[in-house]
Amino acid sequence: MREGGRDSTPGSDNAAGSNGPVLEPPVPWRGTLLPLAFVFIALIALVVVPLALMERSRSTWREIVDVAEPADVQVDAIEYALVREVAAIRAFLITGDSVFLDRYTRARAEETRAYAPLGVLARRLGGDVPARARMLRTAVMRWHRHVATLLPAAGHMAPAAATDVRLATQEAIYRDALDALVSLDHSIDGAVEVRRARIRADERLEMALTLVLVATALGAAIVVARLGVRLVQMTEHAERRRREVEALTESRARLIRGLGHDLKNPLGVIQNYVVLLESGIKGAVPPAQREVLGRIRRLTGDSLGLVNDLGDLFRAEAGQLTISPGRVDVVETVRDALEENRPAAEAAGLRIGLEPHTAVPAVETDGGRVREILGNLISNAIKYTPAGGEVSASIEVGADGRAPRPGRWIAVGITDTGPGIPADQRERIFDEFQRFGAGAGHAPGTGLGLAISRSIARLLGGDITVESEVGRGSTFTLWLPLERK
């Protein structure tokens, strides 16, 4: 039902878009993000992994120094105490001198003091060390119990009979205790060796991981370098394409300007000659010829209108339309536009008027361009509204969810009671040379009015939107910002 024009750069507030194909500029990070991430992760890993492995190695060394070596010291202390104990017992059994019995008692006290820290250290070492420590203490306690049978009864300091059999039994039990002591010592050495093996494994792992991470970082760096070269090539290609598009756009603009100039002059001359012929300056014109001349004049006028519209469209798309901002009384501008189109509306049998409104502040914009837009919208509404219908204008002030973007706006709506526009065609009517609806093929116009109007509206910082219901009519709204950004 409506005339339309090609939508200029969607969402632009300041200028309409180019007619050429839109080229997406290359996005540098898209192709290099993954390799850069690899480089970043590899660099972090090169720092974190060795530190973690070094910390684990230090912890293992601390176990050896703080646990295994003190455990060896306690085992040596127990062994030394046992050697002194057995020597003292033998001397006592042979001589009966109580001095040796005192030595045995002191050595046993030292042995007993060594068991408590040894038990704690054995549990920290883990493995079979705690079990071996318990076996040692059991064997030593068995030897002490046998030694107790060799000592004199309480209050009787005479030596017991040191028979060969009793001494041999004592020696056998003592060897069992020494075997348990040696077994514990071997277990501690085994625990130390396990920890040393873990340290060696960590060192090998650190070396291997370092090599892998270095190789990964180098590989990713090479990929990033190659992508950088590729990115430069893509950027250069995109720049060449952009220049080609600009050249094509400029060529098209020059062609339109040239055609406009070459067509407007002869068309204007033709129209003037037709007017002269119609006026009878060259003699009386028969009615049949007058009708033909009228058609020529109208067609020539339409052609001149098309040339002018094309020129305006391309200037709007290129952002070359002159904008002269100033304080504009929107209400007066709307009234003027309605009055200019009132004769056409009344000739078409339509009612036309301005709906009641609240106070409307002046706005900083181009009044001539606003009047041009409103003229297009009103004439378009008149063109497609059947006789007996109505074309009305409304003015609203404030923020509105229908606005192009947040802010305070003046919304000038032009409403008709025409056939309406289907939902799937409401944006297409702003495309160039698009006309929809019943009678569109017979309605006057070039199909460029809405394209030019939307381009100008966006140059003014606003926009044009449409709401419609098939069978009930349409409302085209011109949005003018109260605050230019």
# chains A, B, ... in the order shown; residues from 1 in each chain; ligands from 1
>>> residues_around(residues="Ala139 (chain A)", least_positions_apart="2", cutoff="8 Å", atoms="only C-alpha atoms", output="PyMOL selection string")
chain A and resi 135-137+141-143+173+176-177+180
>>> closest_residue(among="A:Gly462, A:Pro50, A:Pro422, A:Gly473", to="Leu211 (chain A)", atoms="only C-alpha atoms")
A:Pro50
>>> closest_residue(among="A:Ile222, A:Ile199, A:Pro130, A:Ala208", to="Glu55 (chain A)", atoms="only C-alpha atoms")
A:Ile199
>>> closest_atom_pairs(of="region 42-94 of chain A", to="region 202-205 of chain A", cutoff="10 Å", atoms="only C-alpha atoms", output="CSV")
residue,atom,partner,partner_atom,distance
A:Val49,CA,A:Leu205,CA,9.7
A:Pro50,CA,A:Glu203,CA,9.0
A:Ala52,CA,A:Asp202,CA,9.8
A:Leu53,CA,A:Asp202,CA,6.1
A:Met54,CA,A:Asp202,CA,8.0
A:Arg56,CA,A:Asp202,CA,8.0
A:Ser57,CA,A:Asp202,CA,7.0
>>> write_last_selection(atoms="all heavy atoms", output="PDB file, in the first residue's frame")
ATOM      1  N   VAL A  49      53.987 -24.708  37.475  1.00  0.00           N
ATOM      2  CA  VAL A  49      54.320 -26.137  37.587  1.00  0.00           C
ATOM      3  C   VAL A  49      55.673 -26.347  38.262  1.00  0.00           C
ATOM      4  O   VAL A  49      55.782 -27.133  39.217  1.00  0.00           O
ATOM      5  CB  VAL A  49      54.254 -26.806  36.205  1.00  0.00           C
ATOM      6  CG1 VAL A  49      54.798 -28.225  36.272  1.00  0.00           C
ATOM      7  CG2 VAL A  49      52.818 -26.825  35.701  1.00  0.00           C
ATOM      8  N   PRO A  50      56.768 -25.682  37.812  1.00  0.00           N
ATOM      9  CA  PRO A  50      58.030 -25.881  38.527  1.00  0.00           C
ATOM     10  C   PRO A  50      57.951 -25.485  39.993  1.00  0.00           C
ATOM     11  O   PRO A  50      58.527 -26.160  40.851  1.00  0.00           O
ATOM     12  CB  PRO A  50      59.006 -24.970  37.759  1.00  0.00           C
ATOM     13  CG  PRO A  50      58.431 -24.851  36.395  1.00  0.00           C
ATOM     14  CD  PRO A  50      56.955 -24.851  36.608  1.00  0.00           C
ATOM     15  N   ALA A  52      55.333 -25.612  41.931  1.00  0.00           N
ATOM     16  CA  ALA A  52      54.584 -26.648  42.652  1.00  0.00           C
ATOM     17  C   ALA A  52      55.448 -27.883  42.883  1.00  0.00           C
ATOM     18  O   ALA A  52      55.465 -28.461  43.988  1.00  0.00           O
ATOM     19  CB  ALA A  52      53.323 -27.009  41.875  1.00  0.00           C
ATOM     20  N   LEU A  53      56.170 -28.298  41.840  1.00  0.00           N
ATOM     21  CA  LEU A  53      57.029 -29.481  41.989  1.00  0.00           C
ATOM     22  C   LEU A  53      58.180 -29.201  42.954  1.00  0.00           C
ATOM     23  O   LEU A  53      58.558 -30.073  43.755  1.00  0.00           O
ATOM     24  CB  LEU A  53      57.564 -29.896  40.620  1.00  0.00           C
ATOM     25  CG  LEU A  53      56.509 -30.447  39.651  1.00  0.00           C
ATOM     26  CD1 LEU A  53      57.115 -30.705  38.279  1.00  0.00           C
ATOM     27  CD2 LEU A  53      55.900 -31.741  40.191  1.00  0.00           C
ATOM     28  N   MET A  54      58.728 -27.990  42.897  1.00  0.00           N
ATOM     29  CA  MET A  54      59.800 -27.643  43.837  1.00  0.00           C
ATOM     30  C   MET A  54      59.287 -27.637  45.272  1.00  0.00           C
ATOM     31  O   MET A  54      59.969 -28.105  46.192  1.00  0.00           O
ATOM     32  CB  MET A  54      60.369 -26.269  43.477  1.00  0.00           C
ATOM     33  CG  MET A  54      61.219 -26.267  42.213  1.00  0.00           C
ATOM     34  SD  MET A  54      61.708 -24.589  41.721  1.00  0.00           S
ATOM     35  CE  MET A  54      62.620 -24.071  43.177  1.00  0.00           C
ATOM     36  N   ARG A  56      56.820 -29.431  46.391  1.00  0.00           N
ATOM     37  CA  ARG A  56      56.625 -30.825  46.808  1.00  0.00           C
ATOM     38  C   ARG A  56      57.968 -31.483  47.126  1.00  0.00           C
ATOM     39  O   ARG A  56      58.078 -32.253  48.095  1.00  0.00           O
ATOM     40  CB  ARG A  56      55.902 -31.604  45.715  1.00  0.00           C
ATOM     41  CG  ARG A  56      55.394 -32.950  46.204  1.00  0.00           C
ATOM     42  CD  ARG A  56      54.400 -33.551  45.270  1.00  0.00           C
ATOM     43  NE  ARG A  56      55.037 -34.167  44.114  1.00  0.00           N
ATOM     44  CZ  ARG A  56      54.413 -34.973  43.256  1.00  0.00           C
ATOM     45  NH1 ARG A  56      53.128 -35.238  43.446  1.00  0.00           N
ATOM     46  NH2 ARG A  56      55.034 -35.476  42.222  1.00  0.00           N
ATOM     47  N   SER A  57      58.995 -31.168  46.337  1.00  0.00           N
ATOM     48  CA  SER A  57      60.319 -31.734  46.617  1.00  0.00           C
ATOM     49  C   SER A  57      60.848 -31.224  47.953  1.00  0.00           C
ATOM     50  O   SER A  57      61.418 -31.990  48.745  1.00  0.00           O
ATOM     51  CB  SER A  57      61.287 -31.369  45.491  1.00  0.00           C
ATOM     52  OG  SER A  57      60.873 -31.951  44.271  1.00  0.00           O
TER      53      SER A  57
END
>>> residues_around(residues="Gly127 (chain A)", least_positions_apart="3", cutoff="9 Å", atoms="only C-alpha atoms", output="list in words")
Ala122, Arg123, Pro130, Ala131, Ser187 and Ala191 of chain A
